[in-house]
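Undergrad: Next comes the structure file my_file.cif, holding mmCIF, N, CA and C atoms and all ligand atoms.
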```cif
data_data
#
loop_
_atom_site.label_atom_id
_atom_site.label_comp_id
_atom_site.auth_asym_id
_atom_site.auth_seq_id
_atom_site.Cartn_x
_atom_site.Cartn_y
_atom_site.Cartn_z
N MET Z 1 -42.03 46.78 -23.29
CA MET Z 1 -43.12 47.37 -24.05
C MET Z 1 -44.46 46.94 -23.46
N THR Z 2 -45.37 47.87 -23.28
CA THR Z 2 -46.67 47.53 -22.71
C THR Z 2 -47.67 47.23 -23.81
N SER Z 3 -48.51 46.23 -23.53
CA SER Z 3 -49.52 45.84 -24.51
C SER Z 3 -50.67 46.85 -24.48
N SER Z 4 -51.52 46.77 -25.48
CA SER Z 4 -52.65 47.69 -25.51
C SER Z 4 -53.62 47.39 -24.35
N TRP Z 5 -53.65 46.10 -23.92
CA TRP Z 5 -54.52 45.77 -22.78
C TRP Z 5 -53.99 46.43 -21.51
N GLU Z 6 -52.67 46.38 -21.31
CA GLU Z 6 -52.07 47.01 -20.13
C GLU Z 6 -52.29 48.52 -20.14
N GLN Z 7 -52.20 49.10 -21.33
CA GLN Z 7 -52.44 50.54 -21.46
C GLN Z 7 -53.89 50.88 -21.11
N PHE Z 8 -54.79 50.02 -21.58
CA PHE Z 8 -56.21 50.20 -21.30
C PHE Z 8 -56.47 50.09 -19.79
N GLU Z 9 -55.83 49.10 -19.17
CA GLU Z 9 -55.98 48.89 -17.72
C GLU Z 9 -55.47 50.11 -16.95
N GLU Z 10 -54.35 50.64 -17.37
CA GLU Z 10 -53.78 51.83 -16.71
C GLU Z 10 -54.70 53.04 -16.86
N LEU Z 11 -55.32 53.13 -18.02
CA LEU Z 11 -56.27 54.22 -18.27
C LEU Z 11 -57.46 54.13 -17.31
N ILE Z 12 -57.97 52.92 -17.14
CA ILE Z 12 -59.10 52.70 -16.23
C ILE Z 12 -58.67 53.02 -14.81
N LYS Z 13 -57.48 52.55 -14.41
CA LYS Z 13 -57.00 52.83 -13.05
C LYS Z 13 -56.83 54.32 -12.82
N ALA Z 14 -56.33 55.02 -13.81
CA ALA Z 14 -56.15 56.47 -13.68
C ALA Z 14 -57.49 57.15 -13.43
N GLU Z 15 -58.53 56.68 -14.14
CA GLU Z 15 -59.88 57.23 -13.92
C GLU Z 15 -60.39 56.89 -12.53
N MET Z 16 -60.14 55.64 -12.11
CA MET Z 16 -60.59 55.19 -10.77
C MET Z 16 -59.91 55.96 -9.65
N ARG Z 17 -58.63 56.29 -9.85
CA ARG Z 17 -57.87 57.02 -8.81
C ARG Z 17 -58.46 58.40 -8.53
N LYS Z 18 -59.23 58.91 -9.49
CA LYS Z 18 -59.88 60.22 -9.27
C LYS Z 18 -60.99 60.08 -8.23
N ILE Z 19 -61.49 58.86 -8.05
CA ILE Z 19 -62.65 58.64 -7.17
C ILE Z 19 -62.29 57.81 -5.94
N TYR Z 20 -61.47 56.77 -6.16
CA TYR Z 20 -61.19 55.79 -5.09
C TYR Z 20 -59.74 55.83 -4.64
N SER Z 21 -59.52 55.37 -3.41
CA SER Z 21 -58.15 55.27 -2.89
C SER Z 21 -57.44 54.10 -3.59
N GLU Z 22 -56.13 54.11 -3.48
CA GLU Z 22 -55.33 53.01 -4.04
C GLU Z 22 -55.73 51.68 -3.40
N THR Z 23 -55.99 51.71 -2.09
CA THR Z 23 -56.37 50.49 -1.36
C THR Z 23 -57.71 49.95 -1.87
N ALA Z 24 -58.68 50.84 -2.05
CA ALA Z 24 -60.00 50.41 -2.53
C ALA Z 24 -59.88 49.81 -3.94
N ILE Z 25 -59.08 50.43 -4.78
CA ILE Z 25 -58.89 49.91 -6.15
C ILE Z 25 -58.25 48.54 -6.10
N ASP Z 26 -57.22 48.42 -5.25
CA ASP Z 26 -56.52 47.14 -5.14
C ASP Z 26 -57.46 46.02 -4.68
N HIS Z 27 -58.26 46.30 -3.62
CA HIS Z 27 -59.16 45.26 -3.11
C HIS Z 27 -60.31 44.97 -4.06
N SER Z 28 -60.64 45.94 -4.90
CA SER Z 28 -61.69 45.73 -5.88
C SER Z 28 -61.18 44.88 -7.06
N MET Z 29 -59.95 45.17 -7.48
CA MET Z 29 -59.42 44.48 -8.67
C MET Z 29 -58.69 43.18 -8.33
N ASN Z 30 -58.19 43.08 -7.08
CA ASN Z 30 -57.50 41.86 -6.63
C ASN Z 30 -58.09 41.41 -5.29
N PRO Z 31 -59.38 41.07 -5.29
CA PRO Z 31 -60.01 40.77 -4.00
C PRO Z 31 -59.41 39.55 -3.32
N ARG Z 32 -59.27 39.66 -1.98
CA ARG Z 32 -58.78 38.55 -1.17
C ARG Z 32 -59.97 37.74 -0.66
N ASN Z 33 -59.72 36.48 -0.39
CA ASN Z 33 -60.67 35.61 0.33
C ASN Z 33 -62.01 35.43 -0.40
N VAL Z 34 -61.97 35.31 -1.71
CA VAL Z 34 -63.21 35.13 -2.48
C VAL Z 34 -63.56 33.65 -2.54
N GLY Z 35 -64.82 33.34 -2.29
CA GLY Z 35 -65.28 31.97 -2.46
C GLY Z 35 -65.95 31.42 -1.22
N GLY Z 36 -66.64 30.31 -1.39
CA GLY Z 36 -67.31 29.66 -0.28
C GLY Z 36 -66.33 28.89 0.58
N MET Z 37 -66.84 28.28 1.63
CA MET Z 37 -65.98 27.55 2.55
C MET Z 37 -66.68 26.28 3.02
N GLU Z 38 -65.98 25.18 2.96
CA GLU Z 38 -66.53 23.91 3.48
C GLU Z 38 -66.49 23.96 5.01
N ASP Z 39 -67.51 23.45 5.63
CA ASP Z 39 -67.54 23.32 7.09
C ASP Z 39 -67.27 24.62 7.84
N ALA Z 40 -67.86 25.70 7.36
CA ALA Z 40 -67.69 26.98 8.06
C ALA Z 40 -68.37 26.91 9.43
N ASP Z 41 -67.85 27.67 10.36
CA ASP Z 41 -68.44 27.74 11.70
C ASP Z 41 -69.48 28.85 11.80
N GLY Z 42 -69.39 29.80 10.90
CA GLY Z 42 -70.36 30.88 10.86
C GLY Z 42 -70.61 31.27 9.42
N PHE Z 43 -71.88 31.53 9.10
CA PHE Z 43 -72.23 31.89 7.72
C PHE Z 43 -73.36 32.90 7.73
N ALA Z 44 -73.33 33.82 6.79
CA ALA Z 44 -74.45 34.76 6.63
C ALA Z 44 -74.61 35.13 5.17
N LYS Z 45 -75.85 35.41 4.82
CA LYS Z 45 -76.19 35.91 3.48
C LYS Z 45 -77.11 37.11 3.71
N VAL Z 46 -76.64 38.28 3.33
CA VAL Z 46 -77.39 39.51 3.61
C VAL Z 46 -77.58 40.29 2.31
N THR Z 47 -78.79 40.78 2.12
CA THR Z 47 -79.07 41.65 0.98
C THR Z 47 -79.17 43.09 1.48
N GLY Z 48 -78.43 43.96 0.83
CA GLY Z 48 -78.38 45.36 1.26
C GLY Z 48 -79.51 46.18 0.67
N SER Z 49 -79.53 47.44 1.04
CA SER Z 49 -80.59 48.36 0.59
C SER Z 49 -80.61 48.52 -0.93
N CYS Z 50 -79.47 48.29 -1.59
CA CYS Z 50 -79.37 48.43 -3.04
C CYS Z 50 -79.87 47.19 -3.79
N GLY Z 51 -80.13 46.11 -3.03
CA GLY Z 51 -80.58 44.87 -3.65
C GLY Z 51 -79.47 43.87 -3.90
N ASP Z 52 -78.21 44.27 -3.65
CA ASP Z 52 -77.08 43.36 -3.83
C ASP Z 52 -76.91 42.50 -2.59
N THR Z 53 -76.35 41.31 -2.81
CA THR Z 53 -76.23 40.34 -1.72
C THR Z 53 -74.77 40.00 -1.48
N MET Z 54 -74.45 39.80 -0.19
CA MET Z 54 -73.13 39.32 0.18
C MET Z 54 -73.28 38.07 1.05
N GLU Z 55 -72.41 37.11 0.79
CA GLU Z 55 -72.33 35.92 1.64
C GLU Z 55 -70.96 35.93 2.31
N LEU Z 56 -70.91 35.47 3.55
CA LEU Z 56 -69.63 35.50 4.27
C LEU Z 56 -69.52 34.26 5.16
N TRP Z 57 -68.35 33.63 5.12
CA TRP Z 57 -68.09 32.42 5.87
C TRP Z 57 -66.95 32.67 6.87
N LEU Z 58 -67.08 32.07 8.05
CA LEU Z 58 -66.04 32.18 9.08
C LEU Z 58 -65.62 30.81 9.56
N LYS Z 59 -64.34 30.62 9.70
CA LYS Z 59 -63.81 29.41 10.35
C LYS Z 59 -63.18 29.89 11.66
N VAL Z 60 -63.64 29.33 12.77
CA VAL Z 60 -63.18 29.80 14.08
C VAL Z 60 -62.47 28.66 14.81
N LYS Z 61 -61.28 28.98 15.32
CA LYS Z 61 -60.53 27.99 16.10
C LYS Z 61 -60.13 28.63 17.42
N ASN Z 62 -60.46 27.99 18.52
CA ASN Z 62 -60.14 28.51 19.86
C ASN Z 62 -60.57 29.97 20.03
N GLY Z 63 -61.75 30.27 19.55
CA GLY Z 63 -62.30 31.62 19.73
C GLY Z 63 -61.70 32.69 18.83
N THR Z 64 -60.87 32.27 17.88
CA THR Z 64 -60.23 33.24 16.97
C THR Z 64 -60.57 32.88 15.53
N VAL Z 65 -60.75 33.88 14.69
CA VAL Z 65 -61.08 33.62 13.28
C VAL Z 65 -59.83 33.11 12.56
N ALA Z 66 -59.88 31.84 12.18
CA ALA Z 66 -58.76 31.22 11.47
C ALA Z 66 -58.85 31.52 9.98
N ASP Z 67 -60.07 31.68 9.49
CA ASP Z 67 -60.24 31.96 8.06
C ASP Z 67 -61.58 32.67 7.83
N ALA Z 68 -61.64 33.44 6.80
CA ALA Z 68 -62.88 34.15 6.43
C ALA Z 68 -62.90 34.28 4.92
N SER Z 69 -64.09 34.14 4.34
CA SER Z 69 -64.20 34.32 2.90
C SER Z 69 -65.57 34.93 2.57
N PHE Z 70 -65.71 35.41 1.35
CA PHE Z 70 -66.97 36.06 0.97
C PHE Z 70 -67.24 35.89 -0.52
N MET Z 71 -68.49 36.14 -0.87
CA MET Z 71 -68.92 36.22 -2.28
C MET Z 71 -69.95 37.34 -2.33
N THR Z 72 -70.01 38.02 -3.45
CA THR Z 72 -71.05 39.03 -3.62
C THR Z 72 -71.43 39.15 -5.09
N ASP Z 73 -72.68 39.51 -5.31
CA ASP Z 73 -73.10 39.80 -6.68
C ASP Z 73 -73.16 41.31 -6.88
N GLY Z 74 -72.55 42.03 -5.95
CA GLY Z 74 -72.63 43.49 -5.97
C GLY Z 74 -71.56 44.16 -6.81
N CYS Z 75 -71.43 45.45 -6.59
CA CYS Z 75 -70.55 46.31 -7.37
C CYS Z 75 -69.08 46.14 -6.97
N GLY Z 76 -68.21 46.88 -7.64
CA GLY Z 76 -66.79 46.83 -7.34
C GLY Z 76 -66.47 47.22 -5.91
N THR Z 77 -67.19 48.21 -5.36
CA THR Z 77 -66.90 48.61 -3.99
C THR Z 77 -67.43 47.60 -2.98
N SER Z 78 -68.45 46.83 -3.35
CA SER Z 78 -68.88 45.76 -2.44
C SER Z 78 -67.84 44.64 -2.45
N ILE Z 79 -67.21 44.41 -3.59
CA ILE Z 79 -66.11 43.43 -3.66
C ILE Z 79 -64.95 43.91 -2.78
N ALA Z 80 -64.60 45.19 -2.92
CA ALA Z 80 -63.52 45.75 -2.10
C ALA Z 80 -63.87 45.65 -0.61
N SER Z 81 -65.13 45.92 -0.27
CA SER Z 81 -65.57 45.90 1.13
C SER Z 81 -65.56 44.48 1.69
N GLY Z 82 -66.02 43.51 0.89
CA GLY Z 82 -65.99 42.11 1.34
C GLY Z 82 -64.57 41.63 1.51
N SER Z 83 -63.72 42.01 0.58
CA SER Z 83 -62.30 41.63 0.66
C SER Z 83 -61.68 42.21 1.93
N MET Z 84 -61.94 43.48 2.17
CA MET Z 84 -61.34 44.14 3.34
C MET Z 84 -61.89 43.59 4.65
N VAL Z 85 -63.22 43.40 4.72
CA VAL Z 85 -63.79 42.95 5.99
C VAL Z 85 -63.31 41.53 6.35
N THR Z 86 -63.11 40.69 5.34
CA THR Z 86 -62.60 39.34 5.62
C THR Z 86 -61.12 39.40 6.04
N GLU Z 87 -60.36 40.31 5.44
CA GLU Z 87 -58.97 40.49 5.88
C GLU Z 87 -58.93 40.98 7.32
N MET Z 88 -59.82 41.93 7.65
CA MET Z 88 -59.86 42.48 9.00
C MET Z 88 -60.29 41.42 10.02
N ALA Z 89 -61.14 40.49 9.59
CA ALA Z 89 -61.66 39.48 10.51
C ALA Z 89 -60.62 38.45 10.91
N LYS Z 90 -59.74 38.11 9.99
CA LYS Z 90 -58.78 37.03 10.23
C LYS Z 90 -57.88 37.35 11.42
N GLY Z 91 -57.76 36.37 12.30
CA GLY Z 91 -56.87 36.51 13.46
C GLY Z 91 -57.51 37.23 14.64
N LYS Z 92 -58.75 37.70 14.46
CA LYS Z 92 -59.41 38.42 15.56
C LYS Z 92 -60.25 37.48 16.41
N SER Z 93 -60.39 37.85 17.68
CA SER Z 93 -61.28 37.11 18.58
C SER Z 93 -62.71 37.52 18.24
N ILE Z 94 -63.67 36.71 18.70
CA ILE Z 94 -65.07 37.02 18.42
C ILE Z 94 -65.45 38.38 19.01
N SER Z 95 -64.96 38.69 20.20
CA SER Z 95 -65.32 39.99 20.80
C SER Z 95 -64.71 41.14 20.00
N GLU Z 96 -63.51 40.96 19.47
CA GLU Z 96 -62.91 42.01 18.62
C GLU Z 96 -63.70 42.15 17.32
N LEU Z 97 -64.13 41.01 16.83
CA LEU Z 97 -64.85 40.96 15.55
C LEU Z 97 -66.17 41.74 15.62
N ARG Z 98 -66.80 41.64 16.78
CA ARG Z 98 -68.11 42.30 16.95
C ARG Z 98 -68.00 43.81 16.87
N LYS Z 99 -66.80 44.33 17.06
CA LYS Z 99 -66.62 45.79 17.07
C LYS Z 99 -66.39 46.36 15.66
N ILE Z 100 -66.18 45.48 14.68
CA ILE Z 100 -65.91 45.98 13.32
C ILE Z 100 -67.18 46.62 12.74
N SER Z 101 -67.08 47.87 12.40
CA SER Z 101 -68.24 48.63 11.94
C SER Z 101 -68.06 49.07 10.47
N GLN Z 102 -69.12 49.62 9.93
CA GLN Z 102 -69.06 50.20 8.59
C GLN Z 102 -67.92 51.22 8.52
N GLN Z 103 -67.80 52.05 9.57
CA GLN Z 103 -66.77 53.09 9.58
C GLN Z 103 -65.38 52.48 9.55
N ASP Z 104 -65.19 51.36 10.26
CA ASP Z 104 -63.88 50.69 10.25
C ASP Z 104 -63.53 50.21 8.84
N VAL Z 105 -64.52 49.64 8.15
CA VAL Z 105 -64.29 49.14 6.78
C VAL Z 105 -63.96 50.32 5.86
N LEU Z 106 -64.73 51.40 6.01
CA LEU Z 106 -64.48 52.60 5.20
C LEU Z 106 -63.08 53.15 5.45
N SER Z 107 -62.69 53.23 6.72
CA SER Z 107 -61.36 53.76 7.06
C SER Z 107 -60.27 52.88 6.47
N ALA Z 108 -60.44 51.56 6.61
CA ALA Z 108 -59.43 50.63 6.10
C ALA Z 108 -59.29 50.73 4.58
N LEU Z 109 -60.38 51.07 3.91
CA LEU Z 109 -60.34 51.20 2.44
C LEU Z 109 -59.88 52.59 2.01
N GLY Z 110 -59.61 53.45 2.97
CA GLY Z 110 -59.20 54.81 2.62
C GLY Z 110 -60.39 55.64 2.16
N GLY Z 111 -61.58 55.26 2.66
CA GLY Z 111 -62.81 55.99 2.32
C GLY Z 111 -63.41 55.52 1.01
N LEU Z 112 -64.70 55.79 0.86
CA LEU Z 112 -65.43 55.52 -0.38
C LEU Z 112 -66.30 56.74 -0.67
N PRO Z 113 -66.67 56.95 -1.92
CA PRO Z 113 -67.60 58.05 -2.21
C PRO Z 113 -68.92 57.86 -1.45
N ASP Z 114 -69.58 58.96 -1.14
CA ASP Z 114 -70.84 58.89 -0.36
C ASP Z 114 -71.80 57.84 -0.90
N GLU Z 115 -71.95 57.82 -2.23
CA GLU Z 115 -72.94 56.92 -2.83
C GLU Z 115 -72.54 55.44 -2.74
N SER Z 116 -71.29 55.17 -2.32
CA SER Z 116 -70.83 53.77 -2.19
C SER Z 116 -70.64 53.35 -0.74
N GLU Z 117 -70.90 54.25 0.20
CA GLU Z 117 -70.66 53.91 1.61
C GLU Z 117 -71.54 52.75 2.08
N HIS Z 118 -72.71 52.61 1.47
CA HIS Z 118 -73.60 51.51 1.88
C HIS Z 118 -72.98 50.13 1.55
N CYS Z 119 -72.03 50.09 0.62
CA CYS Z 119 -71.38 48.82 0.27
C CYS Z 119 -70.54 48.34 1.47
N ALA Z 120 -69.91 49.28 2.18
CA ALA Z 120 -69.15 48.94 3.38
C ALA Z 120 -70.11 48.51 4.49
N LEU Z 121 -71.29 49.13 4.52
CA LEU Z 121 -72.29 48.73 5.52
C LEU Z 121 -72.76 47.30 5.26
N LEU Z 122 -72.95 46.96 3.98
CA LEU Z 122 -73.35 45.59 3.64
C LEU Z 122 -72.31 44.60 4.14
N ALA Z 123 -71.02 44.91 3.94
CA ALA Z 123 -69.95 44.00 4.40
C ALA Z 123 -69.94 43.89 5.93
N ALA Z 124 -70.06 45.02 6.61
CA ALA Z 124 -70.04 45.01 8.08
C ALA Z 124 -71.26 44.26 8.62
N ASN Z 125 -72.43 44.47 8.00
CA ASN Z 125 -73.65 43.79 8.45
C ASN Z 125 -73.57 42.28 8.19
N THR Z 126 -72.99 41.91 7.07
CA THR Z 126 -72.87 40.47 6.76
C THR Z 126 -71.93 39.81 7.77
N LEU Z 127 -70.85 40.49 8.12
CA LEU Z 127 -69.95 39.96 9.14
C LEU Z 127 -70.69 39.80 10.46
N LYS Z 128 -71.45 40.80 10.85
CA LYS Z 128 -72.20 40.72 12.11
C LYS Z 128 -73.16 39.52 12.13
N GLU Z 129 -73.82 39.30 10.99
CA GLU Z 129 -74.75 38.16 10.91
C GLU Z 129 -74.00 36.83 10.97
N ALA Z 130 -72.82 36.77 10.36
CA ALA Z 130 -72.02 35.54 10.41
C ALA Z 130 -71.56 35.26 11.85
N ILE Z 131 -71.24 36.31 12.59
CA ILE Z 131 -70.87 36.14 14.01
C ILE Z 131 -72.07 35.63 14.78
N ARG Z 132 -73.24 36.24 14.51
CA ARG Z 132 -74.47 35.81 15.19
C ARG Z 132 -74.73 34.32 14.90
N ASP Z 133 -74.53 33.93 13.65
CA ASP Z 133 -74.72 32.53 13.26
C ASP Z 133 -73.72 31.63 14.00
N TYR Z 134 -72.47 32.07 14.06
CA TYR Z 134 -71.45 31.29 14.77
C TYR Z 134 -71.86 31.09 16.24
N LEU Z 135 -72.28 32.16 16.87
CA LEU Z 135 -72.64 32.07 18.30
C LEU Z 135 -73.87 31.18 18.50
N ALA Z 136 -74.83 31.27 17.57
CA ALA Z 136 -76.03 30.43 17.65
C ALA Z 136 -75.66 28.95 17.49
N MET Z 137 -74.75 28.67 16.57
CA MET Z 137 -74.31 27.28 16.34
C MET Z 137 -73.51 26.75 17.52
N GLU Z 138 -72.83 27.63 18.21
CA GLU Z 138 -72.09 27.22 19.41
C GLU Z 138 -73.06 26.74 20.48
N LYS Z 139 -74.21 27.42 20.56
CA LYS Z 139 -75.22 27.06 21.57
C LYS Z 139 -75.94 25.77 21.20
N GLU Z 140 -76.22 25.62 19.90
CA GLU Z 140 -76.99 24.47 19.44
C GLU Z 140 -76.29 23.80 18.26
N PRO Z 141 -75.16 23.12 18.53
CA PRO Z 141 -74.35 22.56 17.44
C PRO Z 141 -75.09 21.54 16.58
N TRP Z 142 -76.13 20.91 17.11
CA TRP Z 142 -76.87 19.92 16.33
C TRP Z 142 -77.50 20.55 15.08
N LYS Z 143 -77.71 21.88 15.11
CA LYS Z 143 -78.33 22.55 13.96
C LYS Z 143 -77.43 22.57 12.73
N ARG Z 144 -76.12 22.35 12.95
CA ARG Z 144 -75.19 22.32 11.81
C ARG Z 144 -75.59 21.27 10.78
N ALA Z 145 -76.14 20.17 11.29
CA ALA Z 145 -76.52 19.06 10.39
C ALA Z 145 -77.59 19.51 9.38
N TYR Z 146 -78.34 20.56 9.72
CA TYR Z 146 -79.44 21.01 8.85
C TYR Z 146 -79.08 22.22 8.04
N ARG Z 147 -77.82 22.62 8.16
CA ARG Z 147 -77.39 23.86 7.50
C ARG Z 147 -77.23 23.65 5.98
N LYS Z 148 -77.69 24.65 5.24
CA LYS Z 148 -77.50 24.64 3.78
C LYS Z 148 -76.72 25.90 3.44
N TYR Z 149 -75.56 25.74 2.86
CA TYR Z 149 -74.79 26.93 2.45
C TYR Z 149 -75.22 27.38 1.08
FE1 LIG D 1 -74.95 47.36 -4.01
FE2 LIG D 1 -72.46 48.34 -3.84
S1 LIG D 1 -74.13 49.08 -5.04
S2 LIG D 1 -73.34 46.72 -2.73
#
```
Show this structure as structure tokens.

TA:
Amino acid sequence: MTSSWEQFEELIKAEMRKIYSETAIDHSMNPRNVGGMEDADGFAKVTGSCGDTMELWLKVKNGTVADASFMTDGCGTSIASGSMVTEMAKGKSISELRKISQQDVLSALGGLPDESEHCALLAANTLKEAIRDYLAMEKEPWKRAYRKY
């Protein structure tokens, strides 16, 4: 027997399925890799055109992303985008990582409505900034001591 809460949840999902893919709904409602990271090798905090902010952390070992996580104060699709972009980042080399674009995030999520596409751009841009930060820290590791997450 299903509870009234489960019925309510199913009702919401049915409405969401009219707009979003199953993958986007899943990453929005069960986001992966949420939270900050101690001793990250790359970090970025980016505010998008909508005013929402995403933070993204990277742990890199031997030139490959060993771990990635994110936080956002944005909408459900920004949560889905952050979840997806961190999943896509894991296990990739830095050069592979640099190629991840807004379009890649959108494709991986099974598309987003036009008005939500900028949420995928926010995730892709935050990843790019975290890579830039990682590369800058590689050049000048002493700056890590002054880093504030
Ligand atoms: Fe701002 Fe989605 S509306 S990130």

Undergrad: Taking the backbone alone, and naming residues the way the document does, which bits of stretch 17-103 of chain Z are strand (DSSP E) by DSSP, as a list in words?

TA: Gly42, Phe43, Ala44, Lys45, Val46, Thr47, Thr53, Met54, Glu55, Leu56, Trp57, Leu58, Lys59, Val60, Lys61, Thr64, Val65, Ala66, Asp67, Ala68, Ser69, Phe70, Met71 and Thr72 of chain Z

Undergrad: Counting only N, CA and C atoms, write as a CSV table (one decimal) with N, CA and C atoms, in the frame of the given file all protein and nucleic acid residues lying at most 8 Å from (-69.2, 31.1, 18.1) in the file's frame.

TA:
```csv
chain,number,residue,atom,x,y,z
Z,41,ASP,N,-67.8,27.7,10.4
Z,41,ASP,CA,-68.4,27.7,11.7
Z,41,ASP,C,-69.5,28.8,11.8
Z,42,GLY,N,-69.4,29.8,10.9
Z,42,GLY,CA,-70.4,30.9,10.9
Z,42,GLY,C,-70.6,31.3,9.4
Z,60,VAL,N,-63.6,29.3,12.8
Z,60,VAL,CA,-63.2,29.8,14.1
Z,60,VAL,C,-62.5,28.7,14.8
Z,63,GLY,N,-61.8,30.3,19.6
Z,63,GLY,CA,-62.3,31.6,19.7
Z,63,GLY,C,-61.7,32.7,18.8
Z,94,ILE,N,-63.7,36.7,18.7
Z,94,ILE,CA,-65.1,37.0,18.4
Z,94,ILE,C,-65.4,38.4,19.0
Z,130,ALA,N,-72.8,36.8,10.4
Z,130,ALA,CA,-72.0,35.5,10.4
Z,130,ALA,C,-71.6,35.3,11.8
Z,131,ILE,N,-71.2,36.3,12.6
Z,131,ILE,CA,-70.9,36.1,14.0
Z,131,ILE,C,-72.1,35.6,14.8
Z,132,ARG,N,-73.2,36.2,14.5
Z,132,ARG,CA,-74.5,35.8,15.2
Z,132,ARG,C,-74.7,34.3,14.9
Z,133,ASP,N,-74.5,33.9,13.6
Z,133,ASP,CA,-74.7,32.5,13.3
Z,133,ASP,C,-73.7,31.6,14.0
Z,134,TYR,N,-72.5,32.1,14.1
Z,134,TYR,CA,-71.4,31.3,14.8
Z,134,TYR,C,-71.9,31.1,16.2
Z,135,LEU,N,-72.3,32.2,16.9
Z,135,LEU,CA,-72.6,32.1,18.3
Z,135,LEU,C,-73.9,31.2,18.5
Z,136,ALA,N,-74.8,31.3,17.6
Z,136,ALA,CA,-76.0,30.4,17.6
Z,136,ALA,C,-75.7,29.0,17.5
Z,137,MET,N,-74.8,28.7,16.6
Z,137,MET,CA,-74.3,27.3,16.3
Z,137,MET,C,-73.5,26.8,17.5
Z,138,GLU,N,-72.8,27.6,18.2
Z,138,GLU,CA,-72.1,27.2,19.4
Z,138,GLU,C,-73.1,26.7,20.5
Z,139,LYS,N,-74.2,27.4,20.6
Z,139,LYS,CA,-75.2,27.1,21.6
Z,139,LYS,C,-75.9,25.8,21.2
```

Undergrad: Could you list, as a list in words, all the residues within 5 Å of ligand LIG 1 (chain D), counting all atoms listed in the file?

TA: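 Using all atoms listed in the file, I find these residues within 5 Å of ligand LIG 1 (chain D): Cys50, Asp52, Gly74, Cys75, Ser78 and Cys119 of chain Z.
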
Undergrad: Can you pull out every residue within 6.5 Å of Z:Met54, counting all atoms listed in the file, but drop anything in the same chain fewer than 3 positions away, and send it as a short mmCIF file (atom, residue, chain, number, x, y, z; two decimals) with N, CA and C atoms, keeping the file's coordinate frame?

TA:
```cif
data_model
loop_
_atom_site.label_atom_id
_atom_site.label_comp_id
_atom_site.auth_asym_id
_atom_site.auth_seq_id
_atom_site.Cartn_x
_atom_site.Cartn_y
_atom_site.Cartn_z
N ALA Z 44 -73.33 33.82 6.79
CA ALA Z 44 -74.45 34.76 6.63
C ALA Z 44 -74.61 35.13 5.17
N LYS Z 45 -75.85 35.41 4.82
CA LYS Z 45 -76.19 35.91 3.48
C LYS Z 45 -77.11 37.11 3.71
N VAL Z 46 -76.64 38.28 3.33
CA VAL Z 46 -77.39 39.51 3.61
C VAL Z 46 -77.58 40.29 2.31
N THR Z 47 -78.79 40.78 2.12
CA THR Z 47 -79.07 41.65 0.98
C THR Z 47 -79.17 43.09 1.48
N GLY Z 48 -78.43 43.96 0.83
CA GLY Z 48 -78.38 45.36 1.26
C GLY Z 48 -79.51 46.18 0.67
N MET Z 71 -68.49 36.14 -0.87
CA MET Z 71 -68.92 36.22 -2.28
C MET Z 71 -69.95 37.34 -2.33
N THR Z 72 -70.01 38.02 -3.45
CA THR Z 72 -71.05 39.03 -3.62
C THR Z 72 -71.43 39.15 -5.09
N ASP Z 73 -72.68 39.51 -5.31
CA ASP Z 73 -73.10 39.80 -6.68
C ASP Z 73 -73.16 41.31 -6.88
N GLY Z 74 -72.55 42.03 -5.95
CA GLY Z 74 -72.63 43.49 -5.97
C GLY Z 74 -71.56 44.16 -6.81
N THR Z 126 -72.99 41.91 7.07
CA THR Z 126 -72.87 40.47 6.76
C THR Z 126 -71.93 39.81 7.77
#
```

Undergrad: Among stretch 91-134 of chain Z, which residues does DSSP mark as alpha helix (DSSP H) when it is run on the backbone? Keep the chain and numbering as in the structure and answer as JSON, numbers by chain.

TA: {"Z": [94, 95, 96, 97, 102, 103, 104, 105, 106, 107, 108, 117, 118, 119, 120, 121, 122, 123, 124, 125, 126, 127, 128, 129, 130, 131, 132, 133, 134]}

Undergrad: Can you give me N, CA, C and O atoms for stretch 141-147 of chain Z, written as a compact mmCIF listing (two decimals), keeping the file's coordinate frame?

TA:
```txt
# COMPACT_ATOMS: atom_id res chain seq x y z
N PRO Z 141 -75.16 23.12 18.53
CA PRO Z 141 -74.35 22.56 17.44
C PRO Z 141 -75.09 21.54 16.58
O PRO Z 141 -74.73 21.37 15.40
N TRP Z 142 -76.13 20.91 17.11
CA TRP Z 142 -76.87 19.92 16.33
C TRP Z 142 -77.50 20.55 15.08
O TRP Z 142 -77.76 19.87 14.09
N LYS Z 143 -77.71 21.88 15.11
CA LYS Z 143 -78.33 22.55 13.96
C LYS Z 143 -77.43 22.57 12.73
O LYS Z 143 -77.88 22.78 11.61
N ARG Z 144 -76.12 22.35 12.95
CA ARG Z 144 -75.19 22.32 11.81
C ARG Z 144 -75.59 21.27 10.78
O ARG Z 144 -75.38 21.44 9.59
N ALA Z 145 -76.14 20.17 11.29
CA ALA Z 145 -76.52 19.06 10.39
C ALA Z 145 -77.59 19.51 9.38
O ALA Z 145 -77.73 18.91 8.32
N TYR Z 146 -78.34 20.56 9.72
CA TYR Z 146 -79.44 21.01 8.85
C TYR Z 146 -79.08 22.22 8.04
O TYR Z 146 -79.90 22.80 7.34
N ARG Z 147 -77.82 22.62 8.16
CA ARG Z 147 -77.39 23.86 7.50
C ARG Z 147 -77.23 23.65 5.98
O ARG Z 147 -76.73 22.65 5.53
```
